[in-house]
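Participant: Structure provided below as C-alpha cells; questions to follow.
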Amino acid sequence: MDAVVSDATRTAYVLADPTRMALLRLMSMADTGRVLVGETAQILGLRQPTVSHHMRRLMDEGIVTRQPEGRRTWYAIAPPHRDKITALLSLADQRPSAPPDLDRVVSDLLVRFHGTRTREEVRKVVSDAHTRLSESTPHHLLASRTAAFATERIEASLKDQLHRDPDVTVLFVCVQNAGRSQIAASVLRRLAGPYIRVHTAGSAPADDVRSSIITVLDEVGLSLDGEYPKPLTTEVLEAADIVITMGCGDICVPRIGATHHDWNIPDPVGLSLTELRTIRDDIDHRVRDLLPGLRRG
C-alpha cells in the first residue's frame, strides 16, 4: 500500500511542474501527437538540456514515450496516459482546445429544423444564445450549452409543429459506450430532433465517458445530453429498428427484421485530440448520410 501511495505521490509531483505540463500540452495539441526537443525548446523559450531533463522525468514515470526516427527523436504521451493527461489539461485550462464552431451549430440546427427557419434566423438565435451565456458559463462548456439553449428556444417558438412520436429507433453500440457510440448519438440527436429515438450501449461498458470525447464534442457544440456508458440489453436491442455497431463483435447482432450497419471506425482509446477530431468528423459524415432514410413523411 505504501508503495502505491509513493508512486502516486511521485507521479503527482512530476505532473505538478509547469514546464512539464507545458510539454504535455504541446504534445496533446500537435497534429501528429508528438514533438521534437529542439522545436519544443524554441517554442517555450528554454534551453534544449532543460527540455531534455523534463522529458526524462516524464519518461521515467512512463507518461511519455521516446520514438527514434532516423537522426531525430520524437516524444509523445504514452497511450495509456492520454485520456488522463487530456483531463488534467482541460481542468488546468478550463477552456476548449479549439474555438467554438458556431457556424457548425447553425448548420446542424438548419438540418434539425429543416424548412421552418432560415439560416439568418437560426444564426441570430445562436449568436444571441452565445452572448447571453458567455459571462456565466465555463468556457469549456460554452459551445455545447449555446447549442442546447438555441435548440430549446427554436423548439419553443415552433410549439405544436414538432410534437409527434418518433419515426424510428436507432441503437449505436460500441465496446465501451464511451466514445464512438456517444459521438454518433450526439450527432443524430442534434440533427434529427424528436423524430428519431436514439439509444446507445456497450458490449463492455467503461466507467464513464472519456473527457477527451467530451472535449471534441463541445468544440462543435455537441453534448452528451445526460448520456453515460451502459451495457447492451436484450430489451434495447430488440426495440431498435436500426442497429449500428462499431467494433463490438457478435454480441451486438440485432433481431431479425432490424436494419444493421457495421461501421469500421478506430477505437478512440488513447488517441490524441487531433485523431479524435478525425473520428468525430468521420462519424458525423456517416450519420448525415444515414439521416435521409430515417425520416418518414
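Starting from 1 in every chain, residues are counted up; chains themselves are A, B, ... following the order of the C-alpha cells, and ligands are numbered from 1 as listed.
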Which residues are close to Val198 in chain A, i.e. within 12 Å by only C-alpha atoms, leaving aside same-chain residues fewer than 2 positions away? Reply as a ChimeraX atom specification.
Facilitator: /A:166-173,181-196,200-201,225,227,236-237,239-244,294
Participant: Identify, on the basis of only C-alpha atoms, every residue whose closest approach to Asp17 in chain A does not exceed 10 Å; exclude the query and any residue fewer than 5 positions from it along the same chain; express the result as a PyMOL selection string.
Facilitator: chain A and resi 12+22+54
Participant: With only C-alpha atoms as the counted atoms, please give the residues lying no more than 9 Å from Pro231 in chain A, apart from itself and same-chain residues fewer than 2 positions off, as a list in words.
Facilitator: Gln176, Asn177, Thr200, Ala201, Gly202, Ser203, Ala204, Pro205, Pro229 and Thr233 of chain A
Participant: Can you pull out every residue within 9 Å of range 280-282 of chain A, counting only C-alpha atoms, but drop anything in the same chain fewer than 3 positions away, and send it as an NGL selection string?
Facilitator: :A and (180 or 183-184 or 213 or 216-217 or 265 or 275-277 or 285-287)
Participant: What does the distance from CA of Ala258 in chain A to CA of Asp284 in chain A come to in Å, to one decimal?
Facilitator: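 Going from CA of Ala258 in chain A over to CA of Asp284 in chain A, I get 22.2 Å.
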Participant: I'd like the contact shell of Ser107 in chain A - 12 Å cut-off, only C-alpha atoms, skipping same-chain residues fewer than 3 positions apart - returned as a PyMOL selection string.
Facilitator: chain A and resi 101-104+110-114+117-123+126+147+190-191+220-221+288
Participant: Within 8 Å of Thr40 in chain A, counting only C-alpha atoms, which residues qualify if same-chain residues fewer than 5 places away don't, as an mmCIF file with C-alpha atoms, in the first residue's frame?
Facilitator:
data_model
loop_
_atom_site.group_PDB
_atom_site.id
_atom_site.type_symbol
_atom_site.label_atom_id
_atom_site.label_comp_id
_atom_site.auth_asym_id
_atom_site.auth_seq_id
_atom_site.Cartn_x
_atom_site.Cartn_y
_atom_site.Cartn_z
ATOM 1 C CA LEU A 23 5.433 19.997 -22.701
ATOM 2 C CA LEU A 26 2.315 20.873 -26.772
ATOM 3 C CA VAL A 35 7.164 16.739 -30.653
ATOM 4 C CA VAL A 51 13.677 20.361 -22.029
#
Participant: Based on the backbone DSSP call, show me all residues of range 47-255 of chain A assigned strand (DSSP E or B), as a ChimeraX atom specification.
Facilitator: /A:64-69,72-77,168-174,196-202,231,242-246
Participant: Got a sec: who's within 12 Å of Ile63 in chain A, counting only C-alpha atoms, leaving out chain neighbours fewer than 4 positions off, as a PyMOL selection string?
Facilitator: chain A and resi 11-12+14-15+20-21+23-24+27+54-59+75-85
Participant: Quick one: write out the picked residues with C-alpha atoms as a compact mmCIF listing (two decimals), in the first residue's frame?
Facilitator:
# COMPACT_ATOMS: atom_id res chain seq x y z
CA THR A 11 3.65 10.99 -10.34
CA ALA A 12 1.60 13.88 -8.98
CA VAL A 14 6.18 15.17 -11.68
CA LEU A 15 2.97 16.47 -13.25
CA ARG A 20 6.30 19.52 -17.80
CA MET A 21 2.63 20.42 -18.14
CA LEU A 23 5.43 20.00 -22.70
CA LEU A 24 2.43 17.71 -22.37
CA MET A 27 2.22 17.11 -27.38
CA HIS A 54 11.97 17.33 -18.10
CA MET A 55 11.35 14.80 -20.86
CA ARG A 56 13.44 12.27 -18.97
CA ARG A 57 11.39 12.82 -15.81
CA LEU A 58 8.18 12.24 -17.77
CA MET A 59 9.70 9.14 -19.39
CA TYR A 75 8.37 12.35 -27.83
CA ALA A 76 4.68 11.57 -27.32
CA ILE A 77 2.26 11.00 -24.48
CA ALA A 78 2.09 7.27 -23.75
CA PRO A 79 -1.28 5.89 -24.98
CA PRO A 80 -2.40 4.59 -21.55
CA HIS A 81 -2.00 8.12 -20.12
CA ARG A 82 -3.51 10.22 -22.92
CA ASP A 83 -7.03 10.39 -21.53
CA LYS A 84 -5.77 11.28 -18.05
CA ILE A 85 -3.45 13.98 -19.39
Participant: How would you write, as an MDAnalysis selection string, the set of residues in range 62-187 of chain A that DSSP gives as helix (DSSP H, G or I)?
Facilitator: chainID A and resid 79:93 102:112 119:134 139:162 180:187
Participant: Please measure the separation of CA of Leu273 in chain A and CA of Met29 in chain A, giving the value in Å to one decimal.
Facilitator: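 About the pair CA of Leu273 in chain A and CA of Met29 in chain A: they are 7.1 Å apart.
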Participant: Do you have the CA of Thr73 in chain A-CA of Gly45 in chain A distance handy?
Facilitator: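 Calculated distance between CA of Thr73 in chain A and CA of Gly45 in chain A is 19.5 Å.
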